[in-house]
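Have a look at the structure below before the remarks.
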Amino acid sequence: MAAVQWDPFEEIERDVRAMVVDPRWADVPAPTQAQAMAARLLLTADGGCWLFGAHARWYRHDRTEGLWHLSAPPADPLVRAGARPLHPAPAIPEHLLPAAADFAFDRGSTQAFVGPDVPRGLTDRMRVLLDVARAGGEEGYPFVTGPLGEMFHPDVTAPVAAMWGTVMWCAYAPAFDGNEVLLSMFGEFLARPLPGDDWVRWLPPTPLDALTALYTGRLARGVGPAVRVAGQVADTARVLLADPRFAPRAAALLAMVEPLRTRPWHDHPAGDAEAVRRAWLARCPAHLRGAVLAETSPGEHFRHALYDMVGALSFVRAHGADPRAVAASLLAADVHAVAPAVAPQLYPWLDAELRRAYYVALADPVHPLRGCWPRDGEPPAALRPPDRGSAAALLGAGYATGLAWCRLTGTAPPARGFPTSSATVTCLIHERDDPRPGVTGTSSEWIGHT
C-alpha cells in the first residue's frame, strides 16, 4: 500500500481552525493573533508565501508589491507536500486575521441551475407562496417600482416582484435551465423575454436595492404594505434555504429582513432605498458577511468567485494541468470575447501568478493556455468535467465569475452567456433535467426568445 503523502496545507487548515474556534481566540489582541498566524505561514518552492486567514480561505503574498491577495492554494500534491514554514514572516494585515465567524459560514454550492433541477418540494412551496402574493389586494398596490419595474406587466403587484427579486438575489449563479419550474411559474407576470436561448436563461444579477426599492415604495403608503413586502421576501428566503445554491444568501437576507415583522418601524428613519439598503446590510450577522460581498465589496467578491472557479476546475489535475492557470485562461477568454477594453482593470485583483497566466492568455495567440479556450462553442476535451455534478459546479462558478468581473468593471453581462460557461452547457444538454415521476416536462415557450 502506498504511503499517504503529508499535506502541510491541510495540516495548517486544521490547526488554524482549531485555534480560531476556541472561544479564547476572540480575546487575544490583534498583534498576538498576527504573531500566532505568522508561525503558521507556508513557503512553496516557487517562492509563494501562503496564509490561511479571513473567510477561511488562503492568501498569497506578493513580495514585489508587499500585498496579500486572496488566492486558491496550489493543487499539485508535490508542490503542497514540499511547503515549509516561513521565517522571517511578512507583516499580516489585521483584516486578514481569521475570526470564529469565518469558520461558521457555510458557502453552499457553486452549481448552476442547469443539470440539477431545483427540488420539487421547494418549487411546490414557492407556488403556494406565489398564490398568496398574487392575491395581493390593496396592500399590493401601487404596482412594481424601482429596478424591477420594467420586468413585469403593469398590473403585477409588489409581493410577486418581491418573490422574483428574492430568488434572483439569493441565487449563487442565476443561470437556469430553460425548462426550470421555478422560472416558469413566474412566466405570466413577466413583461419581456428573459435573456438566453432554448437551453439556458442567462439572468443578470439582481442588486439588493431592487428589493429595498420595493420596500420603501410600500413604506411611503404605510407600514402595512411595507411589512407585507418584507414578509414576502422573508418567507421566500426561508423556502430557498433548502437548496445549497441559494442557502448562504437566503440566510443573510432572512437575517436582514425578518426583524421588520416584529419591529416594522425599524427602517423608518432610513428613508430612501439606498439608506434602507445600508440598514439591511448593517443587520447582516458577522458569520454571513461572506454572502453579501457582492454588495459591500465588488472587488473582493470577484476574487472569491475566481477562487470558487479554481476549486470547480480541480478535475483538470487528472490531465496534469494547474487549475489556477486554467481558471486565469478561461477568465481571459471571457474578457477577450465580451469586453477586451476592461482587461487591465482586473490586474490589481489577481495575485502575481494568476496575473501572468491571465496576461499571456490574452496577449499571445499561440500560448499553450489558449488551448483552454472553447472552440466552436465546445470546451477542449481536457476541460470536459467528468460527471454531471462537476459540470454544474463549473458552469455555476464560471458564470458567477463572469458576473463578478462585469459588476467590478461596469460591463453589461452578455445576454447569451459567457463563452466558457456556454461551452460548459454542452456537457449538460443531454442530461440537464432531474427525473420527476409523473411530470412530462415544462414548455419554455412562455419565456420567449431573444
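Identifiers for the C-alpha cells are assigned positionally: chains receive A, B, ... in sequence, residues are indexed from 1 per chain, and ligands are indexed from 1 in the order shown.
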
Once DSSP has gone over the backbone, tell me which residues of range 10-208 of chain A are in helix (DSSP H, G or I), as a PyMOL selection string. chain A and resi 10-21+23-27+30-38+54-56+77-81+94-96+100-104+120-135+138-140+146-151+158-170+181-184+187-189+208

Applying 6 Å and only C-alpha atoms, which residues near Gly178 in chain A remain after dropping the ones on its own chain fewer than 3 positions away? List them as a VMD selection string. chain A and resid 198 to 201 444

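CA of Gly146 in chain A to CA of Ala213 in chain A spans 5.3 Å [interatomic distance, one decimal].
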
What does the distance between CA of Asp106 in chain A and CA of Arg277 in chain A come to in Å, to one decimal place? 23.3 Å

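Shortest atom-to-atom contact with Leu241 in chain A among A:Val335, A:Leu330, A:Thr166, A:Ala38: A:Thr166, counting only C-alpha atoms.
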
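Across the model, the gap from CA of Gly196 in chain A to CA of Arg416 in chain A is 4.8 Å.
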
Contact residues around Ala291 in chain A with only C-alpha atoms at 12 Å, ignoring same-chain residues under 5 positions, as a ChimeraX atom specification: /A:55,102,105-108,169-172,245-256,281,284-286,296-298,300-301,304-305

Limited to N, CA and C atoms, could you put the picked residues into a file as an mmCIF file, in the first residue's frame?
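Done, and the output landed in out.cif:
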data_model
loop_
_atom_site.group_PDB
_atom_site.id
_atom_site.type_symbol
_atom_site.label_atom_id
_atom_site.label_comp_id
_atom_site.auth_asym_id
_atom_site.auth_seq_id
_atom_site.Cartn_x
_atom_site.Cartn_y
_atom_site.Cartn_z
ATOM 1 N N HIS A 55 -12.148 34.708 6.142
ATOM 2 C CA HIS A 55 -13.085 33.990 5.273
ATOM 3 C C HIS A 55 -12.756 32.505 5.171
ATOM 4 N N ASP A 102 -15.722 33.324 10.583
ATOM 5 C CA ASP A 102 -15.279 32.876 9.269
ATOM 6 C C ASP A 102 -15.485 31.383 9.083
ATOM 7 N N PHE A 105 -19.378 30.055 8.477
ATOM 8 C CA PHE A 105 -20.068 30.365 7.227
ATOM 9 C C PHE A 105 -20.076 29.146 6.316
ATOM 10 N N ASP A 106 -21.276 28.698 5.957
ATOM 11 C CA ASP A 106 -21.439 27.600 5.007
ATOM 12 C C ASP A 106 -21.594 28.204 3.619
ATOM 13 N N ARG A 107 -20.645 27.948 2.733
ATOM 14 C CA ARG A 107 -20.656 28.563 1.409
ATOM 15 C C ARG A 107 -21.665 27.952 0.447
ATOM 16 N N GLY A 108 -22.282 26.850 0.816
ATOM 17 C CA GLY A 108 -23.276 26.261 -0.060
ATOM 18 C C GLY A 108 -22.647 25.625 -1.279
ATOM 19 N N TRP A 169 -31.795 37.362 -6.237
ATOM 20 C CA TRP A 169 -30.729 37.878 -5.368
ATOM 21 C C TRP A 169 -30.037 36.737 -4.629
ATOM 22 N N CYS A 170 -30.801 35.737 -4.249
ATOM 23 C CA CYS A 170 -30.239 34.637 -3.455
ATOM 24 C C CYS A 170 -29.477 33.616 -4.297
ATOM 25 N N ALA A 171 -29.708 33.589 -5.608
ATOM 26 C CA ALA A 171 -29.054 32.590 -6.446
ATOM 27 C C ALA A 171 -27.549 32.824 -6.508
ATOM 28 N N TYR A 172 -26.769 31.766 -6.288
ATOM 29 C CA TYR A 172 -25.309 31.901 -6.410
ATOM 30 C C TYR A 172 -24.941 32.326 -7.817
ATOM 31 N N ARG A 245 -27.645 26.052 -3.333
ATOM 32 C CA ARG A 245 -27.282 27.084 -4.317
ATOM 33 C C ARG A 245 -27.880 28.438 -3.957
ATOM 34 N N PHE A 246 -28.878 28.425 -3.088
ATOM 35 C CA PHE A 246 -29.496 29.660 -2.593
ATOM 36 C C PHE A 246 -29.139 29.948 -1.134
ATOM 37 N N ALA A 247 -28.824 28.894 -0.379
ATOM 38 C CA ALA A 247 -28.852 28.958 1.078
ATOM 39 C C ALA A 247 -28.018 30.071 1.717
ATOM 40 N N PRO A 248 -26.743 30.293 1.329
ATOM 41 C CA PRO A 248 -25.961 31.322 2.040
ATOM 42 C C PRO A 248 -26.584 32.711 1.953
ATOM 43 N N ARG A 249 -26.982 33.126 0.754
ATOM 44 C CA ARG A 249 -27.548 34.462 0.591
ATOM 45 C C ARG A 249 -28.968 34.523 1.149
ATOM 46 N N ALA A 250 -29.695 33.415 1.067
ATOM 47 C CA ALA A 250 -31.038 33.381 1.657
ATOM 48 C C ALA A 250 -30.959 33.570 3.167
ATOM 49 N N ALA A 251 -29.979 32.936 3.798
ATOM 50 C CA ALA A 251 -29.819 33.091 5.249
ATOM 51 C C ALA A 251 -29.483 34.537 5.602
ATOM 52 N N ALA A 252 -28.619 35.162 4.791
ATOM 53 C CA ALA A 252 -28.255 36.563 5.049
ATOM 54 C C ALA A 252 -29.463 37.479 4.868
ATOM 55 N N LEU A 253 -30.228 37.269 3.798
ATOM 56 C CA LEU A 253 -31.396 38.121 3.540
ATOM 57 C C LEU A 253 -32.448 37.939 4.627
ATOM 58 N N LEU A 254 -32.648 36.720 5.058
ATOM 59 C CA LEU A 254 -33.614 36.460 6.129
ATOM 60 C C LEU A 254 -33.217 37.194 7.400
ATOM 61 N N ALA A 255 -31.927 37.172 7.721
ATOM 62 C CA ALA A 255 -31.455 37.877 8.921
ATOM 63 C C ALA A 255 -31.645 39.379 8.799
ATOM 64 N N MET A 256 -31.566 39.918 7.592
ATOM 65 C CA MET A 256 -31.704 41.357 7.392
ATOM 66 C C MET A 256 -33.154 41.816 7.432
ATOM 67 N N LEU A 281 -27.928 45.813 5.334
ATOM 68 C CA LEU A 281 -26.586 45.220 5.354
ATOM 69 C C LEU A 281 -25.963 45.309 6.742
ATOM 70 N N CYS A 284 -26.803 42.349 8.826
ATOM 71 C CA CYS A 284 -26.291 41.039 8.436
ATOM 72 C C CYS A 284 -25.281 40.559 9.485
ATOM 73 N N PRO A 285 -25.490 39.397 10.091
ATOM 74 C CA PRO A 285 -24.571 38.932 11.133
ATOM 75 C C PRO A 285 -23.188 38.608 10.579
ATOM 76 N N ALA A 286 -22.211 38.650 11.450
ATOM 77 C CA ALA A 286 -20.812 38.502 11.032
ATOM 78 C C ALA A 286 -20.566 37.196 10.289
ATOM 79 N N THR A 296 -21.092 44.707 -0.783
ATOM 80 C CA THR A 296 -20.203 45.520 0.046
ATOM 81 C C THR A 296 -18.832 45.738 -0.558
ATOM 82 N N SER A 297 -18.353 44.792 -1.400
ATOM 83 C CA SER A 297 -17.018 44.911 -1.984
ATOM 84 C C SER A 297 -16.955 44.130 -3.294
ATOM 85 N N PRO A 298 -17.327 44.737 -4.414
ATOM 86 C CA PRO A 298 -17.324 44.013 -5.692
ATOM 87 C C PRO A 298 -15.968 43.405 -6.050
ATOM 88 N N GLU A 300 -13.569 42.250 -3.914
ATOM 89 C CA GLU A 300 -13.381 41.037 -3.126
ATOM 90 C C GLU A 300 -14.326 39.940 -3.586
ATOM 91 N N HIS A 301 -15.541 40.327 -3.980
ATOM 92 C CA HIS A 301 -16.482 39.342 -4.498
ATOM 93 C C HIS A 301 -15.925 38.669 -5.746
ATOM 94 N N HIS A 304 -13.326 36.112 -4.717
ATOM 95 C CA HIS A 304 -13.912 34.891 -4.151
ATOM 96 C C HIS A 304 -14.552 34.030 -5.227
ATOM 97 N N ALA A 305 -15.201 34.656 -6.212
ATOM 98 C CA ALA A 305 -15.800 33.888 -7.302
ATOM 99 C C ALA A 305 -14.714 33.159 -8.102
#

Where in range 22-138 of chain A does DSSP assign strand (DSSP E), given as a ChimeraX atom specification? /A:42-43,49-53,57-62,67-70,84-85

Any chance you could export the current selection's N, CA and C atoms as a PDB file, in the first residue's frame?
ATOM      1  N   LEU A  42       3.130  29.305   5.178  1.00  0.00           N
ATOM      2  CA  LEU A  42       3.817  28.282   4.394  1.00  0.00           C
ATOM      3  C   LEU A  42       4.554  28.923   3.230  1.00  0.00           C
ATOM      4  N   LEU A  43       5.711  28.367   2.901  1.00  0.00           N
ATOM      5  CA  LEU A  43       6.512  28.798   1.761  1.00  0.00           C
ATOM      6  C   LEU A  43       6.607  27.647   0.781  1.00  0.00           C
ATOM      7  N   CYS A  49       4.289  32.655  -0.647  1.00  0.00           N
ATOM      8  CA  CYS A  49       4.056  32.681   0.800  1.00  0.00           C
ATOM      9  C   CYS A  49       2.548  32.619   1.024  1.00  0.00           C
ATOM     10  N   TRP A  50       2.086  31.662   1.829  1.00  0.00           N
ATOM     11  CA  TRP A  50       0.659  31.356   1.938  1.00  0.00           C
ATOM     12  C   TRP A  50       0.155  31.494   3.371  1.00  0.00           C
ATOM     13  N   LEU A  51      -1.011  32.144   3.478  1.00  0.00           N
ATOM     14  CA  LEU A  51      -1.673  32.363   4.766  1.00  0.00           C
ATOM     15  C   LEU A  51      -3.096  31.839   4.688  1.00  0.00           C
ATOM     16  N   PHE A  52      -3.493  31.027   5.661  1.00  0.00           N
ATOM     17  CA  PHE A  52      -4.889  30.602   5.776  1.00  0.00           C
ATOM     18  C   PHE A  52      -5.556  31.520   6.788  1.00  0.00           C
ATOM     19  N   GLY A  53      -6.342  32.484   6.278  1.00  0.00           N
ATOM     20  CA  GLY A  53      -6.822  33.542   7.147  1.00  0.00           C
ATOM     21  C   GLY A  53      -8.294  33.841   7.048  1.00  0.00           C
ATOM     22  N   ARG A  57     -10.085  31.149   4.050  1.00  0.00           N
ATOM     23  CA  ARG A  57      -9.515  30.914   2.729  1.00  0.00           C
ATOM     24  C   ARG A  57      -8.044  31.305   2.714  1.00  0.00           C
ATOM     25  N   TRP A  58      -7.370  30.897   1.643  1.00  0.00           N
ATOM     26  CA  TRP A  58      -5.941  31.119   1.529  1.00  0.00           C
ATOM     27  C   TRP A  58      -5.624  32.439   0.842  1.00  0.00           C
ATOM     28  N   TYR A  59      -4.495  33.017   1.253  1.00  0.00           N
ATOM     29  CA  TYR A  59      -3.990  34.267   0.681  1.00  0.00           C
ATOM     30  C   TYR A  59      -2.527  34.060   0.312  1.00  0.00           C
ATOM     31  N   ARG A  60      -2.135  34.687  -0.791  1.00  0.00           N
ATOM     32  CA  ARG A  60      -0.744  34.601  -1.252  1.00  0.00           C
ATOM     33  C   ARG A  60      -0.111  35.981  -1.177  1.00  0.00           C
ATOM     34  N   HIS A  61       1.110  36.031  -0.666  1.00  0.00           N
ATOM     35  CA  HIS A  61       1.815  37.300  -0.504  1.00  0.00           C
ATOM     36  C   HIS A  61       2.657  37.598  -1.733  1.00  0.00           C
ATOM     37  N   ASP A  62       2.512  38.806  -2.248  1.00  0.00           N
ATOM     38  CA  ASP A  62       3.320  39.272  -3.371  1.00  0.00           C
ATOM     39  C   ASP A  62       4.485  40.072  -2.797  1.00  0.00           C
ATOM     40  N   LEU A  67       1.893  43.036  -1.024  1.00  0.00           N
ATOM     41  CA  LEU A  67       0.452  42.899  -0.815  1.00  0.00           C
ATOM     42  C   LEU A  67       0.054  41.429  -0.677  1.00  0.00           C
ATOM     43  N   TRP A  68      -1.061  41.219   0.006  1.00  0.00           N
ATOM     44  CA  TRP A  68      -1.669  39.894   0.103  1.00  0.00           C
ATOM     45  C   TRP A  68      -2.859  39.828  -0.844  1.00  0.00           C
ATOM     46  N   HIS A  69      -2.996  38.704  -1.555  1.00  0.00           N
ATOM     47  CA  HIS A  69      -4.116  38.502  -2.468  1.00  0.00           C
ATOM     48  C   HIS A  69      -4.852  37.220  -2.096  1.00  0.00           C
ATOM     49  N   LEU A  70      -6.179  37.283  -2.059  1.00  0.00           N
ATOM     50  CA  LEU A  70      -6.963  36.064  -1.942  1.00  0.00           C
ATOM     51  C   LEU A  70      -6.599  35.171  -3.115  1.00  0.00           C
ATOM     52  N   ARG A  84       7.018  24.548   3.300  1.00  0.00           N
ATOM     53  CA  ARG A  84       7.722  24.592   4.578  1.00  0.00           C
ATOM     54  C   ARG A  84       7.340  25.860   5.343  1.00  0.00           C
ATOM     55  N   PRO A  85       7.554  25.879   6.664  1.00  0.00           N
ATOM     56  CA  PRO A  85       7.316  27.111   7.433  1.00  0.00           C
ATOM     57  C   PRO A  85       8.198  28.245   6.911  1.00  0.00           C
TER      58      PRO A  85
END

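For the residues A:Ala393, A:Ala91, A:Ala400, A:Ala56, ranking by smallest atom-to-atom distance to Gly115 in chain A using only C-alpha atoms places A:Ala393 first.
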
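Minimum atom-to-atom distances from A:Ala343, A:Val28, A:Leu428, A:Ala325 to Pro368 in chain A were compared using only C-alpha atoms, and the lowest value belongs to A:Ala325.
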
Per residue of range 200-314 of chain A within 12 Å of range 381-390 of chain A, note the shortest atom pair and the distance in Å to one decimal, counting only C-alpha atoms, and order the rows by chain and increasing residue number, as CSV.
residue,atom,partner,partner_atom,distance
A:Met309,CA,A:Ser390,CA,11.2
A:Gly311,CA,A:Ser390,CA,10.2
A:Ala312,CA,A:Ser390,CA,6.9
A:Leu313,CA,A:Leu383,CA,8.1
A:Ser314,CA,A:Ser390,CA,9.3

Based on the selection just made, write C-alpha atoms of those residues as a compact mmCIF listing (two decimals), in the first residue's frame.
# COMPACT_ATOMS: atom_id res chain seq x y z
CA MET A 309 -13.81 28.66 -10.12
CA GLY A 311 -11.97 24.80 -6.99
CA ALA A 312 -14.51 23.77 -9.63
CA LEU A 313 -11.61 23.08 -12.03
CA SER A 314 -9.87 20.65 -9.67

Write out, as a Markdown table, each residue of range 75-132 of chain A that has an atom at most 10 Å from range 19-25 of chain A, together with the closest pair of atoms and their distance in Å to one decimal, counting only C-alpha atoms, rows going by chain and rising number.
| residue | atom | partner | partner_atom | distance |
| --- | --- | --- | --- | --- |
| A:Leu97 | CA | A:Val20 | CA | 9.6 |
| A:Pro98 | CA | A:Val20 | CA | 6.9 |
| A:Ala99 | CA | A:Val20 | CA | 6.1 |
| A:Ala100 | CA | A:Val21 | CA | 4.9 |
| A:Ala101 | CA | A:Val21 | CA | 8.4 |
| A:Asp102 | CA | A:Val20 | CA | 9.1 |
| A:Phe103 | CA | A:Val21 | CA | 7.5 |
| A:Ala104 | CA | A:Val21 | CA | 8.9 |

Keeping only N, CA and C atoms, write the selected residues as a PDB file, in the first residue's frame.
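Writing the result to out.pdb gives the following:
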ATOM      1  N   LEU A  97      -6.756  38.572   9.517  1.00  0.00           N
ATOM      2  CA  LEU A  97      -6.756  37.654  10.655  1.00  0.00           C
ATOM      3  C   LEU A  97      -8.113  36.947  10.735  1.00  0.00           C
ATOM      4  N   PRO A  98      -8.125  35.637  10.877  1.00  0.00           N
ATOM      5  CA  PRO A  98      -9.399  34.909  10.895  1.00  0.00           C
ATOM      6  C   PRO A  98     -10.136  35.080  12.214  1.00  0.00           C
ATOM      7  N   ALA A  99     -11.454  34.985  12.139  1.00  0.00           N
ATOM      8  CA  ALA A  99     -12.314  35.015  13.323  1.00  0.00           C
ATOM      9  C   ALA A  99     -13.203  33.779  13.308  1.00  0.00           C
ATOM     10  N   ALA A 100     -13.760  33.457  14.465  1.00  0.00           N
ATOM     11  CA  ALA A 100     -14.605  32.269  14.552  1.00  0.00           C
ATOM     12  C   ALA A 100     -15.749  32.323  13.550  1.00  0.00           C
ATOM     13  N   ALA A 101     -16.283  33.539  13.291  1.00  0.00           N
ATOM     14  CA  ALA A 101     -17.394  33.669  12.337  1.00  0.00           C
ATOM     15  C   ALA A 101     -17.003  33.195  10.944  1.00  0.00           C
ATOM     16  N   ASP A 102     -15.722  33.324  10.583  1.00  0.00           N
ATOM     17  CA  ASP A 102     -15.279  32.876   9.269  1.00  0.00           C
ATOM     18  C   ASP A 102     -15.485  31.383   9.083  1.00  0.00           C
ATOM     19  N   PHE A 103     -15.364  30.631  10.157  1.00  0.00           N
ATOM     20  CA  PHE A 103     -15.482  29.182  10.062  1.00  0.00           C
ATOM     21  C   PHE A 103     -16.904  28.704  10.306  1.00  0.00           C
ATOM     22  N   ALA A 104     -17.797  29.622  10.613  1.00  0.00           N
ATOM     23  CA  ALA A 104     -19.208  29.276  10.788  1.00  0.00           C
ATOM     24  C   ALA A 104     -20.002  29.474   9.502  1.00  0.00           C
TER      25      ALA A 104
END

Within 12 Å of Gly371 in chain A, counting only C-alpha atoms, which residues show up once you throw out same-chain ones fewer than 6 positions away? Write them as a list in words, please. Ala321, Ala325, Val326, Ser329, Leu330, Ala332, Ala333, Ala361, Leu362, Asp364, Pro365, Glu378, Pro379, Pro380, Ala381, Ala382 and Leu383 of chain A

So that I have them on file, write out the residues from the current selection with N, CA and C atoms, as a CSV table (one decimal), in the first residue's frame.
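The file below, result06.csv, is the result:
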chain,number,residue,atom,x,y,z
A,321,ALA,N,-2.9,19.4,-15.6
A,321,ALA,CA,-3.0,20.8,-15.7
A,321,ALA,C,-3.1,21.5,-14.3
A,325,ALA,N,-4.0,28.1,-13.3
A,325,ALA,CA,-3.7,28.6,-14.6
A,325,ALA,C,-4.8,28.5,-15.6
A,326,VAL,N,-5.5,27.4,-15.5
A,326,VAL,CA,-6.7,27.2,-16.4
A,326,VAL,C,-7.8,28.2,-16.1
A,329,SER,N,-6.9,31.4,-17.6
A,329,SER,CA,-7.0,31.4,-19.1
A,329,SER,C,-8.5,31.5,-19.4
A,330,LEU,N,-9.4,30.9,-18.7
A,330,LEU,CA,-10.8,30.9,-19.0
A,330,LEU,C,-11.4,32.3,-18.7
A,332,ALA,N,-9.6,35.0,-19.1
A,332,ALA,CA,-9.1,35.8,-20.2
A,332,ALA,C,-10.0,35.6,-21.4
A,333,ALA,N,-10.4,34.3,-21.7
A,333,ALA,CA,-11.3,34.0,-22.8
A,333,ALA,C,-12.6,34.8,-22.8
A,361,ALA,N,-2.4,34.6,-21.7
A,361,ALA,CA,-3.5,34.0,-22.4
A,361,ALA,C,-4.2,35.1,-23.3
A,362,LEU,N,-4.2,36.4,-22.8
A,362,LEU,CA,-4.7,37.5,-23.5
A,362,LEU,C,-3.8,37.9,-24.7
A,364,ASP,N,-0.9,36.4,-26.1
A,364,ASP,CA,-0.2,35.6,-27.0
A,364,ASP,C,-1.1,34.5,-27.6
A,365,PRO,N,-1.5,34.7,-28.9
A,365,PRO,CA,-2.5,33.8,-29.5
A,365,PRO,C,-2.0,32.4,-29.6
A,378,GLU,N,-17.5,24.6,-28.0
A,378,GLU,CA,-17.3,23.4,-27.2
A,378,GLU,C,-16.0,23.5,-26.3
A,379,PRO,N,-15.9,23.0,-25.1
A,379,PRO,CA,-14.7,23.0,-24.4
A,379,PRO,C,-13.7,22.0,-24.9
A,380,PRO,N,-12.4,22.2,-24.8
A,380,PRO,CA,-11.5,21.2,-25.1
A,380,PRO,C,-11.7,19.9,-24.3
A,381,ALA,N,-11.2,18.8,-24.8
A,381,ALA,CA,-11.5,17.5,-24.2
A,381,ALA,C,-11.1,17.5,-22.7
A,382,ALA,N,-9.9,18.1,-22.5
A,382,ALA,CA,-9.3,18.0,-21.1
A,382,ALA,C,-10.2,18.9,-20.1
A,383,LEU,N,-11.0,19.8,-20.6
A,383,LEU,CA,-11.8,20.6,-19.8
A,383,LEU,C,-13.3,20.2,-19.7

Residue with smallest distance to Leu350 in chain A - pool A:Gln35, A:Ser422, A:Ser71, A:Gln5, counting only C-alpha atoms: A:Ser71
